Structure formats: structure tokens, C-alpha cells
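The data block below is protein.cif; it holds mmCIF, C-alpha atoms, pLDDT in the B column; chains and numbers go by the auth columns.
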```cif
data_target
#
loop_
_atom_site.group_PDB
_atom_site.id
_atom_site.type_symbol
_atom_site.label_atom_id
_atom_site.label_comp_id
_atom_site.label_asym_id
_atom_site.label_seq_id
_atom_site.Cartn_x
_atom_site.Cartn_y
_atom_site.Cartn_z
_atom_site.B_iso_or_equiv
_atom_site.auth_seq_id
_atom_site.auth_asym_id
ATOM 1 C CA MET A 1 145.365 122.331 -38.422 49.00 1 H
ATOM 2 C CA PHE A 2 141.689 123.002 -39.174 64.00 2 H
ATOM 3 C CA ALA A 3 139.489 126.038 -38.693 83.00 3 H
ATOM 4 C CA ARG A 4 136.249 125.826 -36.774 93.00 4 H
ATOM 5 C CA SER A 5 133.792 128.376 -35.434 97.00 5 H
ATOM 6 C CA PRO A 6 132.088 128.936 -32.095 97.00 6 H
ATOM 7 C CA PHE A 7 128.988 129.746 -34.137 98.00 7 H
ATOM 8 C CA SER A 8 126.822 127.249 -36.010 98.00 8 H
ATOM 9 C CA CYS A 9 125.874 129.769 -38.716 98.00 9 H
ATOM 10 C CA VAL A 10 126.776 133.314 -39.741 98.00 10 H
ATOM 11 C CA LEU A 11 124.402 136.014 -41.013 98.00 11 H
ATOM 12 C CA TRP A 12 125.814 138.992 -42.892 98.00 12 H
ATOM 13 C CA ASP A 13 124.434 142.478 -43.264 98.00 13 H
ATOM 14 C CA VAL A 14 125.397 143.840 -46.698 97.00 14 H
ATOM 15 C CA ASP A 15 125.620 147.658 -46.936 94.00 15 H
ATOM 16 C CA GLY A 16 128.418 148.905 -44.709 94.00 16 H
ATOM 17 C CA THR A 17 129.458 145.383 -43.742 97.00 17 H
ATOM 18 C CA LEU A 18 130.311 143.456 -46.901 98.00 18 H
ATOM 19 C CA VAL A 19 129.732 146.111 -49.552 97.00 19 H
ATOM 20 C CA ASP A 20 130.507 149.822 -49.815 95.00 20 H
ATOM 21 C CA ALA A 21 127.830 151.135 -52.164 89.00 21 H
ATOM 22 C CA SER A 22 127.935 154.669 -50.794 88.00 22 H
ATOM 23 C CA GLU A 23 128.975 156.377 -54.038 89.00 23 H
ATOM 24 C CA GLY A 24 125.954 155.077 -55.931 89.00 24 H
ATOM 25 C CA ILE A 25 123.591 155.602 -53.000 88.00 25 H
ATOM 26 C CA LEU A 26 124.614 159.255 -52.661 89.00 26 H
ATOM 27 C CA ARG A 27 124.246 159.822 -56.403 92.00 27 H
ATOM 28 C CA ARG A 28 120.763 158.273 -56.523 91.00 28 H
ATOM 29 C CA LEU A 29 119.623 160.104 -53.397 94.00 29 H
ATOM 30 C CA THR A 30 120.783 163.407 -54.863 95.00 30 H
ATOM 31 C CA THR A 31 118.801 162.771 -58.046 95.00 31 H
ATOM 32 C CA THR A 32 115.731 161.465 -56.208 96.00 32 H
ATOM 33 C CA LEU A 33 115.509 164.200 -53.606 96.00 33 H
ATOM 34 C CA GLY A 34 116.141 166.865 -56.251 95.00 34 H
ATOM 35 C CA HIS A 35 113.270 165.419 -58.275 96.00 35 H
ATOM 36 C CA PHE A 36 110.950 165.728 -55.270 96.00 36 H
ATOM 37 C CA GLY A 37 112.164 169.194 -54.298 95.00 37 H
ATOM 38 C CA ARG A 38 114.064 168.099 -51.216 95.00 38 H
ATOM 39 C CA THR A 39 117.604 168.885 -50.109 93.00 39 H
ATOM 40 C CA PRO A 40 120.000 166.020 -50.877 90.00 40 H
ATOM 41 C CA PRO A 41 122.298 164.714 -48.152 90.00 41 H
ATOM 42 C CA THR A 42 126.015 165.377 -47.974 90.00 42 H
ATOM 43 C CA ARG A 43 128.359 162.411 -47.839 85.00 43 H
ATOM 44 C CA GLY A 44 128.743 163.017 -44.109 84.00 44 H
ATOM 45 C CA GLU A 45 124.990 162.574 -43.686 88.00 45 H
ATOM 46 C CA LEU A 46 124.879 159.166 -45.384 84.00 46 H
ATOM 47 C CA SER A 47 124.843 157.446 -41.987 81.00 47 H
ATOM 48 C CA LYS A 48 121.215 158.577 -41.728 86.00 48 H
ATOM 49 C CA TRP A 49 120.367 156.719 -44.914 90.00 49 H
ATOM 50 C CA ILE A 50 122.450 153.544 -45.048 81.00 50 H
ATOM 51 C CA GLY A 51 121.010 150.826 -42.836 75.00 51 H
ATOM 52 C CA PRO A 52 117.295 151.484 -42.332 79.00 52 H
ATOM 53 C CA PRO A 53 114.661 150.628 -44.960 83.00 53 H
ATOM 54 C CA MET A 54 114.547 153.397 -47.588 87.00 54 H
ATOM 55 C CA ARG A 55 110.833 153.987 -47.030 89.00 55 H
ATOM 56 C CA GLU A 56 111.533 154.781 -43.397 90.00 56 H
ATOM 57 C CA SER A 57 114.518 156.976 -44.264 92.00 57 H
ATOM 58 C CA PHE A 58 112.563 159.158 -46.681 96.00 58 H
ATOM 59 C CA GLN A 59 109.990 159.812 -43.965 96.00 59 H
ATOM 60 C CA VAL A 60 112.391 160.362 -41.065 94.00 60 H
ATOM 61 C CA ASN A 61 115.073 162.322 -42.926 94.00 61 H
ATOM 62 C CA THR A 62 112.926 164.525 -45.169 94.00 62 H
ATOM 63 C CA GLY A 63 109.527 164.672 -43.489 94.00 63 H
ATOM 64 C CA MET A 64 107.768 162.927 -46.374 96.00 64 H
ATOM 65 C CA THR A 65 104.394 161.358 -45.778 96.00 65 H
ATOM 66 C CA LEU A 66 104.072 157.602 -46.206 94.00 66 H
ATOM 67 C CA ALA A 67 102.545 158.073 -49.654 95.00 67 H
ATOM 68 C CA GLN A 68 105.330 160.457 -50.704 96.00 68 H
ATOM 69 C CA ALA A 69 107.959 158.067 -49.345 95.00 69 H
ATOM 70 C CA ASP A 70 106.449 155.205 -51.336 92.00 70 H
ATOM 71 C CA GLU A 71 106.652 157.335 -54.491 95.00 71 H
ATOM 72 C CA ALA A 72 110.247 158.284 -53.718 95.00 72 H
ATOM 73 C CA VAL A 73 111.219 154.639 -53.176 91.00 73 H
ATOM 74 C CA VAL A 74 109.753 153.680 -56.560 92.00 74 H
ATOM 75 C CA PHE A 75 111.714 156.513 -58.228 95.00 75 H
ATOM 76 C CA TYR A 76 114.930 155.590 -56.405 92.00 76 H
ATOM 77 C CA ARG A 77 114.583 151.886 -57.233 87.00 77 H
ATOM 78 C CA ALA A 78 114.008 152.690 -60.904 91.00 78 H
ATOM 79 C CA LEU A 79 117.254 154.683 -60.940 90.00 79 H
ATOM 80 C CA ASN A 80 119.080 151.831 -59.267 86.00 80 H
ATOM 81 C CA LYS A 81 117.761 149.292 -61.765 86.00 81 H
ATOM 82 C CA SER A 82 118.658 151.468 -64.741 88.00 82 H
ATOM 83 C CA GLU A 83 122.212 151.966 -63.434 85.00 83 H
ATOM 84 C CA GLY A 84 122.695 148.298 -62.626 84.00 84 H
ATOM 85 C CA TYR A 85 122.651 147.089 -59.043 86.00 85 H
ATOM 86 C CA THR A 86 126.399 146.529 -58.909 89.00 86 H
ATOM 87 C CA GLY A 87 127.574 149.792 -60.448 81.00 87 H
ATOM 88 C CA SER A 88 130.172 151.657 -58.336 86.00 88 H
ATOM 89 C CA ALA A 89 129.808 149.138 -55.483 94.00 89 H
ATOM 90 C CA GLN A 90 132.926 147.550 -54.003 96.00 90 H
ATOM 91 C CA LEU A 91 133.718 145.042 -51.291 98.00 91 H
ATOM 92 C CA TYR A 92 135.439 146.151 -48.124 97.00 92 H
ATOM 93 C CA PRO A 93 139.037 144.865 -48.060 97.00 93 H
ATOM 94 C CA GLY A 94 139.398 141.330 -46.784 98.00 94 H
ATOM 95 C CA VAL A 95 135.711 140.479 -46.389 98.00 95 H
ATOM 96 C CA ALA A 96 135.519 138.209 -49.451 98.00 96 H
ATOM 97 C CA GLU A 97 138.432 136.128 -48.187 98.00 97 H
ATOM 98 C CA LEU A 98 136.771 135.825 -44.783 98.00 98 H
ATOM 99 C CA VAL A 99 133.462 134.703 -46.289 98.00 99 H
ATOM 100 C CA HIS A 100 135.349 132.122 -48.365 98.00 100 H
ATOM 101 C CA ASP A 101 137.212 130.865 -45.293 97.00 101 H
ATOM 102 C CA VAL A 102 134.049 130.604 -43.189 98.00 102 H
ATOM 103 C CA HIS A 103 132.532 128.529 -45.988 98.00 103 H
ATOM 104 C CA ALA A 104 135.663 126.370 -46.136 97.00 104 H
ATOM 105 C CA ALA A 105 135.224 125.727 -42.408 97.00 105 H
ATOM 106 C CA ARG A 106 131.758 124.335 -43.272 97.00 106 H
ATOM 107 C CA VAL A 107 129.881 127.040 -41.405 98.00 107 H
ATOM 108 C CA PRO A 108 126.562 127.848 -43.159 98.00 108 H
ATOM 109 C CA GLN A 109 126.158 131.513 -44.115 98.00 109 H
ATOM 110 C CA SER A 110 123.384 133.808 -45.293 98.00 110 H
ATOM 111 C CA THR A 111 122.888 137.482 -45.947 98.00 111 H
ATOM 112 C CA ALA A 112 120.381 139.327 -43.756 98.00 112 H
ATOM 113 C CA SER A 113 120.094 142.713 -45.422 96.00 113 H
ATOM 114 C CA SER A 114 117.622 145.586 -45.532 92.00 114 H
ATOM 115 C CA LYS A 115 118.505 146.014 -49.219 91.00 115 H
ATOM 116 C CA PRO A 116 115.937 144.546 -51.604 92.00 116 H
ATOM 117 C CA GLU A 117 116.690 140.885 -52.090 95.00 117 H
ATOM 118 C CA VAL A 118 117.028 141.215 -55.864 94.00 118 H
ATOM 119 C CA GLN A 119 119.889 143.663 -55.282 93.00 119 H
ATOM 120 C CA VAL A 120 121.493 141.459 -52.647 96.00 120 H
ATOM 121 C CA VAL A 121 121.505 138.494 -55.034 97.00 121 H
ATOM 122 C CA ALA A 122 122.963 140.635 -57.845 95.00 122 H
ATOM 123 C CA LEU A 123 125.763 141.889 -55.581 97.00 123 H
ATOM 124 C CA MET A 124 126.624 138.463 -54.189 98.00 124 H
ATOM 125 C CA ASP A 125 126.737 137.020 -57.717 97.00 125 H
ATOM 126 C CA HIS A 126 128.809 139.953 -58.984 96.00 126 H
ATOM 127 C CA PHE A 127 131.422 139.625 -56.252 97.00 127 H
ATOM 128 C CA GLY A 128 131.572 135.834 -56.388 98.00 128 H
ATOM 129 C CA LEU A 129 130.196 135.302 -52.885 98.00 129 H
ATOM 130 C CA ALA A 130 127.004 133.483 -53.858 98.00 130 H
ATOM 131 C CA PRO A 131 128.615 130.001 -53.886 98.00 131 H
ATOM 132 C CA ASP A 132 129.661 130.503 -50.245 98.00 132 H
ATOM 133 C CA LEU A 133 126.127 131.307 -49.088 98.00 133 H
ATOM 134 C CA GLU A 134 123.380 128.809 -48.313 98.00 134 H
ATOM 135 C CA ALA A 135 120.809 131.622 -48.512 98.00 135 H
ATOM 136 C CA MET A 136 120.623 135.210 -49.754 98.00 136 H
ATOM 137 C CA VAL A 137 117.998 137.159 -47.862 98.00 137 H
ATOM 138 C CA GLY A 138 116.983 140.790 -48.245 96.00 138 H
ATOM 139 C CA ALA A 139 113.926 142.998 -48.020 93.00 139 H
ATOM 140 C CA SER A 140 110.968 142.778 -50.359 90.00 140 H
ATOM 141 C CA LEU A 141 111.053 145.347 -53.154 79.00 141 H
ATOM 142 C CA ASP A 142 108.090 147.281 -51.733 73.00 142 H
ATOM 143 C CA GLU A 143 109.563 147.091 -48.200 69.00 143 H
ATOM 144 C CA ARG A 144 106.159 146.017 -46.930 71.00 144 H
ATOM 145 C CA ALA A 145 106.125 142.220 -46.941 76.00 145 H
ATOM 146 C CA LEU A 146 109.628 142.045 -45.441 87.00 146 H
ATOM 147 C CA SER A 147 111.579 145.055 -44.183 85.00 147 H
ATOM 148 C CA ALA A 148 112.139 145.031 -40.404 91.00 148 H
ATOM 149 C CA LYS A 149 115.632 143.809 -39.575 95.00 149 H
ATOM 150 C CA SER A 150 114.359 141.342 -36.990 96.00 150 H
ATOM 151 C CA ASP A 151 112.019 139.769 -39.562 96.00 151 H
ATOM 152 C CA ILE A 152 114.836 139.578 -42.121 97.00 152 H
ATOM 153 C CA VAL A 153 117.069 137.852 -39.557 98.00 153 H
ATOM 154 C CA ARG A 154 114.301 135.360 -38.768 98.00 154 H
ATOM 155 C CA GLU A 155 113.759 134.691 -42.472 98.00 155 H
ATOM 156 C CA ALA A 156 117.482 134.054 -42.965 98.00 156 H
ATOM 157 C CA LEU A 157 117.441 131.557 -40.112 98.00 157 H
ATOM 158 C CA ARG A 158 114.307 129.915 -41.513 98.00 158 H
ATOM 159 C CA ARG A 159 115.924 129.433 -44.913 98.00 159 H
ATOM 160 C CA LEU A 160 119.152 128.131 -43.411 98.00 160 H
ATOM 161 C CA GLU A 161 117.258 125.626 -41.299 98.00 161 H
ATOM 162 C CA ALA A 162 115.228 124.553 -44.343 98.00 162 H
ATOM 163 C CA ALA A 163 118.538 123.920 -46.108 97.00 163 H
ATOM 164 C CA GLY A 164 119.603 121.618 -43.274 98.00 164 H
ATOM 165 C CA ALA A 165 121.849 124.044 -41.394 98.00 165 H
ATOM 166 C CA ASP A 166 122.327 124.076 -37.632 98.00 166 H
ATOM 167 C CA ILE A 167 120.916 127.397 -36.421 98.00 167 H
ATOM 168 C CA SER A 168 121.371 126.759 -32.707 98.00 168 H
ATOM 169 C CA ARG A 169 124.287 129.210 -32.327 98.00 169 H
ATOM 170 C CA PRO A 170 123.804 131.987 -34.888 98.00 170 H
ATOM 171 C CA VAL A 171 125.583 135.312 -35.109 98.00 171 H
ATOM 172 C CA LEU A 172 124.783 138.431 -37.132 98.00 172 H
ATOM 173 C CA ILE A 173 127.554 140.674 -38.478 98.00 173 H
ATOM 174 C CA GLY A 174 126.438 144.283 -38.973 97.00 174 H
ATOM 175 C CA ASP A 175 127.416 147.926 -38.827 96.00 175 H
ATOM 176 C CA ARG A 176 124.343 149.826 -37.582 94.00 176 H
ATOM 177 C CA HIS A 177 122.199 150.001 -34.469 94.00 177 H
ATOM 178 C CA HIS A 178 119.396 148.536 -36.595 93.00 178 H
ATOM 179 C CA ASP A 179 121.455 145.338 -36.789 96.00 179 H
ATOM 180 C CA VAL A 180 122.019 145.280 -33.029 97.00 180 H
ATOM 181 C CA GLU A 181 118.360 145.936 -32.272 97.00 181 H
ATOM 182 C CA GLY A 182 117.068 143.561 -34.951 97.00 182 H
ATOM 183 C CA GLY A 183 119.409 140.809 -33.811 98.00 183 H
ATOM 184 C CA ALA A 184 118.343 141.254 -30.188 98.00 184 H
ATOM 185 C CA ASP A 185 114.676 141.097 -31.136 98.00 185 H
ATOM 186 C CA ALA A 186 115.297 137.865 -33.055 98.00 186 H
ATOM 187 C CA GLY A 187 117.450 136.413 -30.266 98.00 187 H
ATOM 188 C CA VAL A 188 120.656 136.535 -32.318 98.00 188 H
ATOM 189 C CA PRO A 189 123.912 138.013 -30.928 98.00 189 H
ATOM 190 C CA VAL A 190 125.620 140.648 -33.055 98.00 190 H
ATOM 191 C CA ILE A 191 129.248 141.359 -33.851 98.00 191 H
ATOM 192 C CA PHE A 192 129.442 145.040 -34.744 98.00 192 H
ATOM 193 C CA VAL A 193 131.914 146.172 -37.426 98.00 193 H
ATOM 194 C CA ARG A 194 133.149 149.745 -37.205 97.00 194 H
ATOM 195 C CA TRP A 195 134.201 150.185 -40.846 96.00 195 H
ATOM 196 C CA GLY A 196 130.666 150.955 -42.074 90.00 196 H
ATOM 197 C CA PHE A 197 128.478 154.028 -41.674 85.00 197 H
ATOM 198 C CA SER A 198 127.894 154.274 -37.951 88.00 198 H
ATOM 199 C CA TRP A 199 128.405 156.383 -34.874 87.00 199 H
ATOM 200 C CA PRO A 200 130.394 154.868 -31.962 87.00 200 H
ATOM 201 C CA HIS A 201 127.357 154.505 -29.684 93.00 201 H
ATOM 202 C CA GLU A 202 125.603 152.286 -32.228 95.00 202 H
ATOM 203 C CA ALA A 203 127.672 149.313 -31.066 96.00 203 H
ATOM 204 C CA ASP A 204 125.949 149.433 -27.662 97.00 204 H
ATOM 205 C CA GLY A 205 124.250 146.111 -27.034 97.00 205 H
ATOM 206 C CA ALA A 206 126.403 144.116 -29.449 98.00 206 H
ATOM 207 C CA GLN A 207 128.173 141.002 -28.212 97.00 207 H
ATOM 208 C CA ALA A 208 131.443 142.395 -29.573 98.00 208 H
ATOM 209 C CA ALA A 209 132.737 145.211 -31.770 98.00 209 H
ATOM 210 C CA VAL A 210 135.658 145.002 -34.183 98.00 210 H
ATOM 211 C CA ASP A 211 137.725 147.570 -36.055 97.00 211 H
ATOM 212 C CA ASP A 212 138.983 145.416 -38.917 97.00 212 H
ATOM 213 C CA VAL A 213 138.560 142.103 -40.698 98.00 213 H
ATOM 214 C CA ASP A 214 141.425 140.460 -38.798 98.00 214 H
ATOM 215 C CA GLN A 215 139.626 141.087 -35.511 98.00 215 H
ATOM 216 C CA LEU A 216 136.401 139.727 -36.978 98.00 216 H
ATOM 217 C CA ARG A 217 138.188 136.641 -38.288 98.00 217 H
ATOM 218 C CA ALA A 218 139.539 135.924 -34.805 97.00 218 H
ATOM 219 C CA LEU A 219 135.978 135.823 -33.459 98.00 219 H
ATOM 220 C CA LEU A 220 134.470 133.767 -36.297 98.00 220 H
ATOM 221 C CA LEU A 221 137.224 131.201 -36.836 97.00 221 H
ATOM 222 C CA VAL A 222 139.642 129.510 -34.494 94.00 222 H
ATOM 223 C CA ASP A 223 142.422 127.051 -35.328 86.00 223 H
ATOM 224 C CA ASP A 224 141.876 123.611 -33.904 74.00 224 H
ATOM 225 C CA ASP A 225 144.927 121.360 -33.636 63.00 225 H
ATOM 226 C CA ALA A 226 142.647 118.412 -32.915 47.00 226 H
ATOM 227 C CA GLY A 227 140.905 118.862 -36.230 47.00 227 H
ATOM 228 C CA VAL A 228 137.464 119.084 -34.638 42.00 228 H
#
```

I'd like the structure from this file rewritten - as C-alpha cells, please.
Amino acid sequence: MFARSPFSCVLWDVDGTLVDASEGILRRLTTTLGHFGRTPPTRGELSKWIGPPMRESFQVNTGMTLAQADEAVVFYRALNKSEGYTGSAQLYPGVAELVHDVHAARVPQSTASSKPEVQVVALMDHFGLAPDLEAMVGASLDERALSAKSDIVREALRRLEAAGADISRPVLIGDRHHDVEGGADAGVPVIFVRWGFSWPHEADGAQAAVDDVDQLRALLLVDDDAGV
């Protein structure tokens, strides 16, 4: 019995989908916002921060100007680099095994994350997922050259196609409305995972929504007695 997929390639969001980095994010936000005289978020308010580009979040959530947000991003990134990109981060239970199994089924995979790409690569290397991925795509460090989710999704597809992958039936796995909207804009259906940092309505527009990894596995991989 072999596993196959209804999708020709799989794109993965990172924060809230593969990786729970909330502890470190909250710590760095507290330090950064304190430095700039702003009120830090509570853990319950992290859903406002995890998902969108940080530059956007500083403006929307604190009222910073674009110039102030740029300065805050530089400060935040410096903290992140000094701490190490993988510190306090952990994988959600079962996701590593699923990524491995999708790879074993010969389905090309890539990340499609709003995190800076250098951090995405560090995390995928740290958790041993890099060998299962044909591409590792994230935002540019300055969040200017590449930051919109739809553009990141398109870049992931471009790199997969350049690597020889079939991108005719892609799917994006994500946990925020930014994933749903970005996927729609790029013409990619989205499977919404509810274990991240989202509100229930954020799944609106997704092709499907799942509560756990077993449900996600059932959508990504099917057993084929014929060995197709």
C-alpha cells in the first residue's frame, strides 16, 4: 500500500502552523515595545502579532508611523538574532512526521512564511525538516522586497517549478486569515489549521479547516492499494 496526494505540491506557513515560537515572540515584543515606550501585548493578544509582517503589525497594533515601525523592526530583529532564531521555538506535535511522510510520498514541499527567510531556514535546519523541502521561502529581512503573503506564495511556487516540481495542483497550509487571503490572491487553495493563533472566523474562505494533524494528514495523503 502506497501513499499519494490529491495535491501536486504542498506549501507550509511556519509560525502557528509548523512552529510555535510564541514564547520568544512575546518576550522580544515586550522588550521592543518597552524600549519604544509602548505597551507590550499580553499572551492573549499575540494573535494580533503572529501572522502579518512585523512592520505592518507595529503600525496597526501600536499606531507607529512607517519610519517608527521600520526602527522597531530593526530593534526586534537584532534581539532575535542575538537570542538565536531557534531559541524557545518548538514544533507542533505530529507536524514533523507529516512533513516527512509527504516527502516520502514524493510530493514536493516548500515553506511560504511571512517570517524572514533567514529565520525560516534556521528553523527548518534546526528541526530537521530542511531535507524534506525542495524550497524554503520567507520574507525579505527588510519586509520590503518580499512581504505580502500572496507574493511569498508565488515565490514558493516559482522556486518549486524551477526545481522541476509539478505546481499544477498546489495547496497552502496556514493558520491565519492572511494565509487564506494570500492563497486566494495567488490562486492557491488553503487548508486552515486551528491549532495556531487565530479566531474561528479566520478560516472563512479556506478550502477546508482541520483541528489536528490527523485530520490534516487525511486531506494531504491517501492510501492507494493500486500503488499509483

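Neighbours of stretch 192-204 of chain H closer than or equal to 6 Å, with all atoms listed in the file counted and sequence neighbours fewer than 2 positions away skipped, come out as Gly16, Thr17, Ser47, Gly174, Asp175, Arg176, His177, Ala206, Ala209, Val210 and Asp211 of chain H.
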
Residues near H:Pro189, cut-off 8 Å, all atoms listed in the file, skip fewer than 2 positions along chain, as JSON, numbers by chain | {"H": [170, 171, 172, 180, 183, 184, 187, 191, 206, 207]}

Go ahead and write the selection's residues with C-alpha atoms as a compact mmCIF listing (two decimals), in the coordinates of the input.
```txt
# COMPACT_ATOMS: atom_id res chain seq x y z
CA PRO H 170 123.80 131.99 -34.89
CA VAL H 171 125.58 135.31 -35.11
CA LEU H 172 124.78 138.43 -37.13
CA VAL H 180 122.02 145.28 -33.03
CA GLY H 183 119.41 140.81 -33.81
CA ALA H 184 118.34 141.25 -30.19
CA GLY H 187 117.45 136.41 -30.27
CA ILE H 191 129.25 141.36 -33.85
CA ALA H 206 126.40 144.12 -29.45
CA GLN H 207 128.17 141.00 -28.21
```

Just the residues within 12 Å of H:Phe58, please, counting all atoms listed in the file, with nothing from its chain fewer than 2 positions along; format it as an mmCIF file with C-alpha atoms, keeping the file's coordinate frame.
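This went into around_33.cif:
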```cif
data_model
loop_
_atom_site.group_PDB
_atom_site.id
_atom_site.type_symbol
_atom_site.label_atom_id
_atom_site.label_comp_id
_atom_site.auth_asym_id
_atom_site.auth_seq_id
_atom_site.Cartn_x
_atom_site.Cartn_y
_atom_site.Cartn_z
ATOM 1 C CA LEU H 29 119.623 160.104 -53.397
ATOM 2 C CA THR H 32 115.731 161.465 -56.208
ATOM 3 C CA LEU H 33 115.509 164.200 -53.606
ATOM 4 C CA PHE H 36 110.950 165.728 -55.270
ATOM 5 C CA ARG H 38 114.064 168.099 -51.216
ATOM 6 C CA THR H 39 117.604 168.885 -50.109
ATOM 7 C CA PRO H 40 120.000 166.020 -50.877
ATOM 8 C CA PRO H 41 122.298 164.714 -48.152
ATOM 9 C CA LYS H 48 121.215 158.577 -41.728
ATOM 10 C CA TRP H 49 120.367 156.719 -44.914
ATOM 11 C CA ILE H 50 122.450 153.544 -45.048
ATOM 12 C CA PRO H 52 117.295 151.484 -42.332
ATOM 13 C CA PRO H 53 114.661 150.628 -44.960
ATOM 14 C CA MET H 54 114.547 153.397 -47.588
ATOM 15 C CA ARG H 55 110.833 153.987 -47.030
ATOM 16 C CA GLU H 56 111.533 154.781 -43.397
ATOM 17 C CA VAL H 60 112.391 160.362 -41.065
ATOM 18 C CA ASN H 61 115.073 162.322 -42.926
ATOM 19 C CA THR H 62 112.926 164.525 -45.169
ATOM 20 C CA GLY H 63 109.527 164.672 -43.489
ATOM 21 C CA MET H 64 107.768 162.927 -46.374
ATOM 22 C CA THR H 65 104.394 161.358 -45.778
ATOM 23 C CA LEU H 66 104.072 157.602 -46.206
ATOM 24 C CA ALA H 67 102.545 158.073 -49.654
ATOM 25 C CA GLN H 68 105.330 160.457 -50.704
ATOM 26 C CA ALA H 69 107.959 158.067 -49.345
ATOM 27 C CA ASP H 70 106.449 155.205 -51.336
ATOM 28 C CA GLU H 71 106.652 157.335 -54.491
ATOM 29 C CA ALA H 72 110.247 158.284 -53.718
ATOM 30 C CA VAL H 73 111.219 154.639 -53.176
ATOM 31 C CA VAL H 74 109.753 153.680 -56.560
ATOM 32 C CA PHE H 75 111.714 156.513 -58.228
ATOM 33 C CA TYR H 76 114.930 155.590 -56.405
#
```

Using all atoms listed in the file, which of H:Val188, H:Ala208, H:Leu157, H:Leu18 sits nearest H:Ser110?
->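 Distance minimum relative to H:Ser110 lands on H:Leu157.
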
Enumerate, as a VMD selection string, the residues matched when the PyMOL selection byres ((chain H and resi 88) around 8) is run on the file above.
-> chain H and resid 21 23 to 24 86 to 87 89 to 90

List the residues sitting within 12 Å of (132.0, 138.4, -56.7) in the file's frame, using all atoms listed in the file, as a list in words.
-> Leu18, Val19, Thr86, Ala89, Gln90, Leu91, Val95, Ala96, Glu97, Val99, His100, Val120, Val121, Ala122, Leu123, Met124, Asp125, His126, Phe127, Gly128, Leu129, Ala130, Pro131, Asp132 and Leu133 of chain H
